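Participant: You'll find run.cif just under this line, and it carries mmCIF, C-alpha atoms.
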```cif
data_target
#
loop_
_atom_site.label_atom_id
_atom_site.label_comp_id
_atom_site.auth_asym_id
_atom_site.auth_seq_id
_atom_site.Cartn_x
_atom_site.Cartn_y
_atom_site.Cartn_z
CA MET A 46 74.00 112.23 105.77
CA THR A 47 74.23 112.27 109.56
CA SER A 48 77.41 112.38 111.58
CA ILE A 49 78.50 109.39 113.60
CA LEU A 50 81.40 111.27 115.20
CA GLU A 51 81.61 115.00 115.97
CA PHE A 52 84.53 116.80 117.61
CA ASP A 53 83.89 120.44 118.45
CA ASP A 54 86.94 122.45 119.51
CA VAL A 55 88.32 119.54 121.52
CA VAL A 56 91.32 120.08 123.77
CA LYS A 57 93.16 117.30 125.57
CA SER A 58 95.93 118.06 128.06
CA TYR A 59 98.03 115.79 130.22
CA GLY A 60 99.64 117.03 133.41
CA SER A 61 99.36 120.60 134.63
CA GLY A 62 101.35 123.73 135.18
CA GLN A 63 104.84 123.64 133.74
CA THR A 64 104.61 119.94 132.92
CA GLU A 65 101.33 120.31 131.02
CA VAL A 66 101.39 118.73 127.56
CA ARG A 67 98.63 119.64 125.14
CA ALA A 68 97.96 116.62 122.94
CA LEU A 69 95.00 118.20 121.12
CA ARG A 70 94.62 121.97 120.80
CA GLY A 71 91.13 122.65 119.53
CA VAL A 72 90.19 119.94 117.05
CA THR A 73 86.93 120.20 115.15
CA LEU A 74 86.07 117.20 113.01
CA ASP A 75 82.97 115.53 111.60
CA VAL A 76 82.84 111.93 110.41
CA ALA A 77 79.70 111.00 108.51
CA ASP A 78 77.93 107.65 108.61
CA SER A 79 79.56 105.21 106.18
CA GLU A 80 82.58 107.43 105.74
CA PHE A 81 86.21 106.25 105.69
CA VAL A 82 88.57 108.89 107.07
CA ALA A 83 92.35 108.55 107.36
CA VAL A 84 94.11 110.57 110.05
CA MET A 85 97.78 111.21 109.39
CA GLY A 86 100.57 113.14 110.99
CA PRO A 87 103.99 112.77 112.60
CA SER A 88 104.62 110.91 115.85
CA GLY A 89 103.27 112.90 118.74
CA CYS A 90 100.81 114.92 116.67
CA GLY A 91 97.81 113.64 118.67
CA LYS A 92 96.42 110.99 116.29
CA SER A 93 96.12 108.26 118.89
CA THR A 94 94.75 110.68 121.46
CA LEU A 95 92.03 111.61 118.97
CA LEU A 96 91.05 107.93 118.63
CA HIS A 97 91.09 107.34 122.38
CA LEU A 98 88.78 110.30 122.87
CA ALA A 99 86.46 109.18 120.06
CA GLY A 100 86.15 105.77 121.70
CA ALA A 101 85.48 107.14 125.18
CA LEU A 102 88.73 105.63 126.45
CA GLU A 103 89.72 109.09 127.64
CA THR A 104 87.84 112.30 128.40
CA PRO A 105 88.55 115.68 126.79
CA SER A 106 89.89 118.60 128.83
CA ALA A 107 87.60 120.97 126.91
CA GLY A 108 85.23 120.92 123.97
CA SER A 109 82.50 118.55 122.95
CA ILE A 110 82.57 115.03 121.49
CA ARG A 111 79.45 113.30 120.22
CA VAL A 112 79.20 109.71 119.02
CA GLY A 113 75.95 108.94 117.24
CA GLY A 114 74.60 112.24 118.56
CA ARG A 115 75.34 111.31 122.20
CA GLU A 116 77.53 113.75 124.12
CA LEU A 117 80.40 111.93 125.80
CA ALA A 118 81.20 114.68 128.29
CA GLY A 119 78.27 114.07 130.61
CA MET A 120 78.27 110.33 130.22
CA GLY A 121 78.77 108.11 133.28
CA ALA A 122 81.15 105.17 133.42
CA ALA A 123 78.39 102.64 132.74
CA ASP A 124 77.17 104.48 129.65
CA ARG A 125 80.71 104.85 128.35
CA SER A 126 81.28 101.11 128.79
CA GLU A 127 78.03 100.42 127.02
CA LEU A 128 79.08 102.70 124.15
CA ARG A 129 82.39 100.88 123.82
CA ARG A 130 80.66 97.50 123.85
CA ASN A 131 77.88 98.28 121.43
CA ASP A 132 78.61 101.22 119.16
CA VAL A 133 82.33 101.62 118.73
CA GLY A 134 84.88 99.02 117.70
CA TYR A 135 88.67 99.19 117.96
CA VAL A 136 91.47 97.65 116.01
CA PHE A 137 95.01 98.17 117.19
CA GLN A 138 98.45 97.55 115.75
CA ARG A 139 98.94 94.85 118.35
CA LEU A 140 96.29 92.27 117.70
CA ASN A 141 95.10 91.93 121.30
CA LEU A 142 93.41 88.62 120.67
CA ILE A 143 93.07 86.40 123.72
CA PRO A 144 95.32 83.42 123.01
CA SER A 145 93.37 80.95 125.15
CA LEU A 146 90.11 81.62 123.27
CA THR A 147 89.41 80.27 119.78
CA ALA A 148 88.87 82.60 116.84
CA ILE A 149 85.10 82.55 117.17
CA GLU A 150 85.22 82.85 120.98
CA ASN A 151 87.37 85.98 120.62
CA VAL A 152 84.74 87.52 118.34
CA MET A 153 81.86 86.45 120.59
CA LEU A 154 83.50 87.90 123.70
CA PRO A 155 82.14 91.49 123.57
CA LEU A 156 78.61 90.20 122.97
CA GLU A 157 78.82 87.76 125.85
CA LEU A 158 80.26 90.46 128.12
CA ALA A 159 77.27 92.59 127.17
CA GLY A 160 74.99 89.81 128.43
CA GLY A 161 73.99 88.32 125.09
CA SER A 162 73.04 84.67 124.79
CA TYR A 163 75.60 82.15 123.52
CA ARG A 164 73.42 81.27 120.55
CA ASN A 165 72.91 84.88 119.46
CA ALA A 166 76.54 85.76 120.06
CA ARG A 167 77.73 82.80 117.98
CA GLY A 168 75.41 83.73 115.11
CA MET A 169 76.56 87.35 115.09
CA ALA A 170 80.21 86.30 115.39
CA LEU A 171 79.82 84.02 112.38
CA ASP A 172 78.35 86.96 110.42
CA ALA A 173 81.24 89.22 111.42
CA LEU A 174 83.83 86.59 110.53
CA ALA A 175 82.13 86.05 107.16
CA ALA A 176 82.27 89.82 106.60
CA VAL A 177 86.06 89.70 107.00
CA GLY A 178 86.34 86.67 104.74
CA LEU A 179 86.99 84.05 107.40
CA ASP A 180 84.65 81.09 107.53
CA VAL A 181 86.84 78.09 108.23
CA ARG A 182 88.97 76.87 111.13
CA LEU A 183 87.06 79.11 113.51
CA ASP A 184 87.57 76.73 116.43
CA ARG A 185 91.34 77.09 116.17
CA TYR A 186 93.36 79.39 118.42
CA PRO A 187 94.87 82.75 117.30
CA ASP A 188 98.39 81.31 117.06
CA ASP A 189 97.16 78.90 114.37
CA PHE A 190 96.46 81.86 112.05
CA SER A 191 98.82 84.11 110.08
CA GLY A 192 99.30 87.74 111.16
CA GLY A 193 96.91 88.97 108.46
CA GLN A 194 94.26 86.43 109.45
CA GLN A 195 94.65 87.35 113.13
CA GLN A 196 94.05 90.99 112.24
CA ARG A 197 90.92 89.90 110.35
CA ILE A 198 89.70 88.16 113.51
CA ALA A 199 90.45 91.35 115.47
CA ILE A 200 88.44 93.38 112.94
CA ALA A 201 85.57 90.88 113.15
CA ARG A 202 85.59 91.33 116.92
CA ALA A 203 85.59 95.10 116.47
CA ILE A 204 82.58 95.13 114.14
CA VAL A 205 80.51 92.30 115.64
CA GLY A 206 76.94 93.37 116.34
CA GLU A 207 75.78 96.67 114.91
CA ARG A 208 78.83 98.88 115.41
CA ARG A 209 78.50 102.12 113.55
CA LEU A 210 82.03 103.34 114.11
CA LEU A 211 85.33 101.48 113.79
CA LEU A 212 88.49 103.13 115.13
CA ALA A 213 91.67 101.62 113.74
CA ASP A 214 95.07 102.63 115.14
CA GLU A 215 97.87 101.56 112.77
CA PRO A 216 96.14 98.20 112.15
CA THR A 217 98.70 97.27 109.49
CA GLY A 218 101.73 98.14 111.60
CA SER A 219 102.65 94.55 112.42
CA LEU A 220 101.82 93.10 109.00
CA ASP A 221 103.75 92.60 105.77
CA THR A 222 102.68 94.70 102.79
CA ALA A 223 100.45 92.08 101.18
CA SER A 224 98.62 91.31 104.44
CA GLY A 225 98.38 95.04 105.12
CA ASP A 226 96.78 95.59 101.71
CA GLU A 227 94.22 92.88 102.45
CA VAL A 228 93.35 94.38 105.82
CA ILE A 229 92.92 97.88 104.38
CA GLU A 230 90.83 96.58 101.50
CA LEU A 231 88.63 94.96 104.10
CA LEU A 232 88.35 98.17 106.15
CA ALA A 233 87.50 100.12 102.98
CA ALA A 234 84.66 97.69 102.23
CA LEU A 235 83.03 98.14 105.66
CA PRO A 236 81.48 101.58 104.96
CA ARG A 237 80.29 100.47 101.54
CA GLU A 238 78.91 97.08 102.46
CA HIS A 239 77.96 97.44 106.12
CA GLY A 240 77.51 101.18 106.63
CA THR A 241 80.24 101.27 109.30
CA ALA A 242 82.20 104.52 109.47
CA VAL A 243 85.95 103.93 109.76
CA VAL A 244 88.56 106.28 111.23
CA LEU A 245 92.01 104.98 110.39
CA VAL A 246 95.19 106.30 111.96
CA THR A 247 98.17 105.46 109.80
CA HIS A 248 101.49 106.84 108.69
CA GLU A 249 101.47 104.76 105.50
CA PRO A 250 100.29 106.73 102.45
CA ARG A 251 99.54 103.54 100.50
CA PHE A 252 96.97 102.55 103.14
CA ALA A 253 95.63 106.05 103.73
CA SER A 254 94.94 106.37 100.00
CA TRP A 255 92.01 103.97 100.37
CA ALA A 256 90.12 106.52 102.49
CA ASP A 257 87.42 108.91 101.26
CA ARG A 258 89.03 111.79 103.08
CA PHE A 259 92.31 112.68 104.78
CA VAL A 260 92.91 114.70 107.91
CA PHE A 261 96.43 115.87 108.78
CA LEU A 262 97.39 116.66 112.36
CA ARG A 263 100.44 118.49 113.60
CA ASP A 264 101.13 119.50 117.20
CA GLY A 265 97.56 118.69 118.19
CA ARG A 266 95.91 120.75 115.46
CA ILE A 267 94.35 119.89 112.13
CA VAL A 268 96.65 121.56 109.63
CA ASP A 269 94.95 120.32 106.47
CA GLU A 270 92.08 118.11 105.35
CA THR A 271 90.54 117.09 102.09
CA VAL A 272 86.86 117.25 101.25
CA ALA A 273 84.85 114.06 101.10
CA THR A 274 84.90 112.41 97.74
CA SER A 275 82.44 109.88 96.44
CA GLY A 276 82.93 106.46 97.91
CA ALA A 277 81.31 104.90 94.86
CA ALA A 278 84.62 104.44 93.09
CA ARG A 279 86.32 103.18 96.22
CA MET B 776 116.57 107.24 78.62
CA SER B 777 115.49 108.25 75.15
CA VAL B 778 113.66 106.51 72.30
CA ARG B 779 117.12 105.56 71.02
CA GLU B 780 117.89 103.15 73.89
CA GLY B 781 114.41 101.67 73.71
CA LEU B 782 114.81 100.84 70.00
CA LEU B 783 118.23 99.29 70.56
CA ALA B 784 116.75 97.09 73.30
CA LEU B 785 113.88 95.99 71.06
CA LEU B 786 116.26 95.12 68.21
CA ALA B 787 118.40 92.87 70.44
CA ASP B 788 116.86 89.56 69.45
CA ARG B 789 115.92 90.07 65.77
CA PRO B 790 115.48 92.72 63.06
CA ARG B 791 112.28 94.74 62.94
CA ASN B 792 110.68 97.45 60.82
CA GLY B 793 109.58 100.86 62.07
CA HIS B 794 105.94 99.94 62.52
CA GLN B 795 106.77 96.83 64.55
CA LEU B 796 109.14 98.89 66.70
CA LYS B 797 106.46 101.51 67.37
CA LEU B 798 103.93 98.90 68.53
CA GLU B 799 106.43 96.96 70.63
CA PHE B 800 107.85 100.15 72.19
CA GLU B 801 104.37 101.21 73.31
CA SER B 802 103.52 97.74 74.61
CA ALA B 803 106.82 97.40 76.49
CA THR B 804 106.33 100.76 78.21
CA GLY B 805 102.84 99.94 79.45
CA SER B 806 101.36 102.42 76.93
CA VAL B 807 102.72 105.40 78.89
CA TRP B 808 104.97 106.52 76.00
CA PRO B 809 103.11 106.79 72.69
CA LEU B 810 105.30 107.14 69.58
CA ASN B 811 104.54 107.97 65.97
CA VAL B 812 106.18 106.03 63.15
CA GLY B 813 107.93 109.17 61.90
CA GLN B 814 109.73 109.52 65.26
CA VAL B 815 110.78 105.89 65.06
CA TYR B 816 112.24 106.21 61.55
CA THR B 817 114.01 109.47 62.37
CA THR B 818 115.66 107.78 65.34
CA LEU B 819 116.54 104.71 63.26
CA GLU B 820 118.21 106.93 60.65
CA ARG B 821 120.32 108.57 63.37
CA LEU B 822 121.25 105.18 64.80
CA GLU B 823 122.22 104.05 61.29
CA ARG B 824 124.29 107.21 60.82
CA ASP B 825 126.10 106.46 64.11
CA GLY B 826 126.78 102.87 63.00
CA LEU B 827 124.63 101.29 65.72
CA VAL B 828 122.01 99.72 63.40
CA ALA B 829 122.07 98.62 59.76
CA ARG B 830 119.36 98.00 57.19
CA THR B 831 118.67 94.39 56.43
CA ASN B 832 116.26 92.33 54.33
CA GLY B 833 113.31 91.32 56.49
CA ASP B 834 110.47 88.97 55.59
CA ASP B 835 108.71 91.82 53.84
CA ALA B 836 111.06 93.38 51.28
CA ALA B 837 108.77 96.41 50.91
CA GLN B 838 109.44 97.48 54.51
CA LYS B 839 112.78 98.78 55.71
CA HIS B 840 114.09 96.45 58.44
CA TYR B 841 116.86 97.25 60.88
CA GLU B 842 119.24 95.11 62.90
CA LEU B 843 121.86 95.86 65.55
CA THR B 844 125.49 96.17 64.49
CA ALA B 845 128.36 95.04 66.77
CA ALA B 846 128.74 98.67 67.88
CA GLY B 847 124.98 98.77 68.56
CA ARG B 848 125.26 95.67 70.77
CA GLU B 849 128.10 97.29 72.70
CA GLU B 850 126.08 100.49 73.16
CA LEU B 851 123.09 98.46 74.37
CA ALA B 852 125.23 96.41 76.80
CA ALA B 853 126.60 99.64 78.24
CA TRP B 854 123.07 100.97 78.69
CA TRP B 855 121.86 97.81 80.48
CA SER B 856 124.80 98.00 82.90
CA MET B 857 124.54 101.75 83.59
CA VAL B 858 122.70 102.34 86.88
CA PRO B 859 120.39 105.37 86.69
CA ALA B 860 121.70 108.03 89.02
CA ASP B 861 120.19 111.35 89.96
CA GLU B 862 123.42 112.96 91.07
CA PRO B 863 125.15 115.27 91.26
CA PRO B 864 123.24 117.45 91.85
CA PRO B 865 119.69 116.12 92.44
CA ARG B 866 117.33 118.70 90.96
CA ASP B 867 113.97 117.34 91.85
CA GLU B 868 111.34 120.09 91.62
CA LEU B 869 109.53 119.15 94.82
CA MET B 870 112.80 119.12 96.77
CA LEU B 871 113.88 122.47 95.37
CA LYS B 872 110.52 124.02 96.15
CA VAL B 873 110.76 122.90 99.78
CA LEU B 874 114.36 124.16 99.98
CA PHE B 875 113.39 127.59 98.66
CA ALA B 876 110.46 127.66 101.10
CA LEU B 877 112.85 126.77 103.94
CA ALA B 878 115.04 129.70 102.92
CA GLN B 879 112.00 131.90 103.66
CA GLY B 880 111.50 130.38 107.11
CA ASP B 881 110.22 127.29 108.91
CA GLU B 882 106.56 128.27 108.71
CA ARG B 883 106.72 128.76 104.95
CA ALA B 884 108.43 125.38 104.60
CA LEU B 885 105.75 123.70 106.74
CA ASP B 886 103.03 125.31 104.61
CA VAL B 887 104.58 123.99 101.41
CA ILE B 888 105.13 120.54 102.92
CA THR B 889 101.54 120.38 104.13
CA SER B 890 99.93 121.46 100.87
CA HIS B 891 102.12 119.20 98.74
CA ARG B 892 101.56 116.21 100.99
CA THR B 893 97.80 116.63 100.76
CA ALA B 894 98.01 116.97 96.98
CA LEU B 895 100.28 113.94 96.62
CA LEU B 896 98.07 111.77 98.79
CA SER B 897 95.01 112.85 96.81
CA LEU B 898 96.90 111.90 93.65
CA LEU B 899 97.69 108.51 95.12
CA GLN B 900 94.02 108.07 96.00
CA GLN B 901 93.00 109.04 92.48
CA ARG B 902 95.51 106.64 90.88
CA ARG B 903 94.36 103.77 93.04
CA ARG B 904 90.74 104.40 92.14
CA GLU B 905 91.57 104.67 88.44
CA GLN B 906 93.49 101.41 88.58
CA ARG B 907 90.50 99.61 90.00
CA ALA B 908 88.06 101.24 87.62
CA GLU B 909 90.05 100.95 84.40
CA ASP B 910 91.26 97.43 83.99
CA PRO B 911 90.87 94.72 86.60
CA ASP B 912 93.34 92.43 84.82
CA PRO B 913 96.16 94.54 83.32
CA ASP B 914 99.28 93.14 81.66
CA LEU B 915 102.52 92.95 83.60
CA ALA B 916 104.09 96.05 82.00
CA THR B 917 101.06 98.15 82.95
CA ASP B 918 101.26 96.80 86.50
CA PHE B 919 104.96 97.70 86.66
CA VAL B 920 104.21 101.27 85.55
CA ARG B 921 101.38 101.65 88.05
CA ASP B 922 103.51 100.29 90.87
CA ALA B 923 106.33 102.69 89.95
CA LEU B 924 104.00 105.71 90.07
CA VAL B 925 102.57 104.67 93.43
CA VAL B 926 105.94 103.87 94.99
CA ARG B 927 107.45 107.17 93.83
CA ALA B 928 104.54 109.14 95.23
CA GLU B 929 105.02 107.23 98.48
CA ALA B 930 108.72 108.06 98.48
CA ASP B 931 107.96 111.78 98.03
CA LEU B 932 105.41 111.59 100.85
CA ARG B 933 107.92 109.90 103.14
CA TRP B 934 110.46 112.57 102.38
CA LEU B 935 107.93 115.31 103.19
CA ASP B 936 107.19 113.52 106.48
CA LEU B 937 110.90 113.49 107.32
CA CYS B 938 111.21 117.18 106.54
CA GLU B 939 108.23 117.92 108.76
CA ALA B 940 109.65 115.81 111.59
CA ARG B 941 112.97 117.66 111.36
CA LEU B 942 111.23 121.02 111.36
CA THR B 943 108.91 120.36 114.25
CA GLY B 944 111.41 118.38 116.32
CA ARG B 945 110.56 115.47 118.50
CA LYS B 946 111.03 116.71 122.04
CA GLY B 947 108.19 116.57 124.50
CA ARG B 948 105.72 114.93 122.18
CA ILE B 949 103.28 112.25 123.05
CA ARG B 950 101.42 109.79 120.87
#
```
Is it possible to express this structure as structure tokens?
Facilitator:
Amino acid sequence: MTSILEFDDVVKSYGSGQTEVRALRGVTLDVADSEFVAVMGPSGCGKSTLLHLAGALETPSAGSIRVGGRELAGMGAADRSELRRNDVGYVFQRLNLIPSLTAIENVMLPLELAGGSYRNARGMALDALAAVGLDVRLDRYPDDFSGGQQQRIAIARAIVGERRLLLADEPTGSLDTASGDEVIELLAALPREHGTAVVLVTHEPRFASWADRFVFLRDGRIVDETVATSGAAR
Amino acid sequence: MSVREGLLALLADRPRNGHQLKLEFESATGSVWPLNVGQVYTTLERLERDGLVARTNGDDAAQKHYELTAAGREELAAWWSMVPADEPPPRDELMLKVLFALAQGDERALDVITSHRTALLSLLQQRRREQRAEDPDPDLATDFVRDALVVRAEADLRWLDLCEARLTGRKGRIR
């Protein structure tokens, strides 16, 4: 199985000199295609920094990061934008849906920004919404949906098209337990049913337990990780 | 609790024989506590000795049936109203292990916390997978037992997280 995400001795520092803060201190990590990995650790351990780097939202201070075999270090701004639009999806704790766009328009947005036709974008958005179990009321606005449904729309937007990697940063943080369970069940199905690799940052063991593999960070280092187990029983 | 309290609870509404009590005990506990009939009758004899149950004539005269006495009802009422408490002192093995590790130094404590957290989370993962694989439509008692196991593992994991946070401190950290 090939790797969709590879970190090789990655360091990320903010500031310099006496005010320098090292968020990641030499992280080496491989995420395979169709794998579901949960990243856990205390506040400030570097979990979110790891996701930002994986999604080309930030650049590493040292080390190498490859997404789908492409090295991020030498990538220009245009290529990084293209990577974020086409290959990598994000889901955040805050839903970040655009309130003035309908559910389906929110999902179509990244495709239209990438220059896709309305017709194609609508078709792919419908597929993504079906994948997250939403197929009605798609012309309503985000506020018309429950928190769990809004997170489903956000996930649909993150996976629309052929994204191979979904980065989820505490996606259940604003949801009640039942809605959180539904969202995690949905994330766990993505590798199995759509081949999307998922990296989930969470502090909730009940949600992390859906993953194939766990990675524990502390003070910017991986202090423990489990080996991949079969996703068949997931 | 012991088998004794479980049998008193099962006898609250009507008399039963040992075999019925065995089956109902196992069903009520989500099949996590298997009993043999011998254990049931030994316990019933002790309860009878203590005046908490008495033999009675059931539907089937060939089987020994038991019913609660007034003293048995009082004992049961006291058990229902007693809130389970783990103090003093709490002697949870995980907690003690972390405390002994802490006595050897912060690094040792962090090592123990890390390895136990990984193991507990793997256990949680395994339980969740087993739940889905075993029985998609379990009875309510089985669901209660499964939920209890998951929630307790979560509580242990939260406690380990708190210990780690206290050990590593929070100053100067970034998300």
Participant: Applying the PyMOL selection byres ((chain A) within 6 of (chain B)) to the file I just gave you, which residues come out? Please list them as a tab-separated table (two decimals) with C-alpha atoms, in the coordinates of the input.
Facilitator:
```tsv
chain	number	residue	atom	x	y	z
A	89	GLY	CA	103.27	112.90	118.74
A	91	GLY	CA	97.81	113.64	118.67
A	93	SER	CA	96.12	108.26	118.89
A	254	SER	CA	94.94	106.37	100.00
```
Participant: In terms of the shortest atom-to-atom distance over only C-alpha atoms, which of B:Cys938, B:Asn832, B:Arg921, B:Ala852 is closest to Ala876 of chain B?
Facilitator: B:Cys938
Participant: For this structure, which residues satisfy the selection - the PyMOL selection byres ((chain B and resi 800) around 12) - when it is evaluated on the file as given? I want them as number ranges by chain.
Facilitator: B: 777-786, 791, 793-799, 801-812, 814-815, 916
Participant: Distance atom CA of Leu95 of chain A-atom CA of Gly193 of chain A, one decimal place?
Facilitator: 25.4 Å
Participant: I would like the residues chosen by the PyMOL selection byres ((chain A and resi 247) around 7) on the shown file; could you give them as a ChimeraX atom specification?
Facilitator: /A:84-85,214-215,245-246,248-249,253
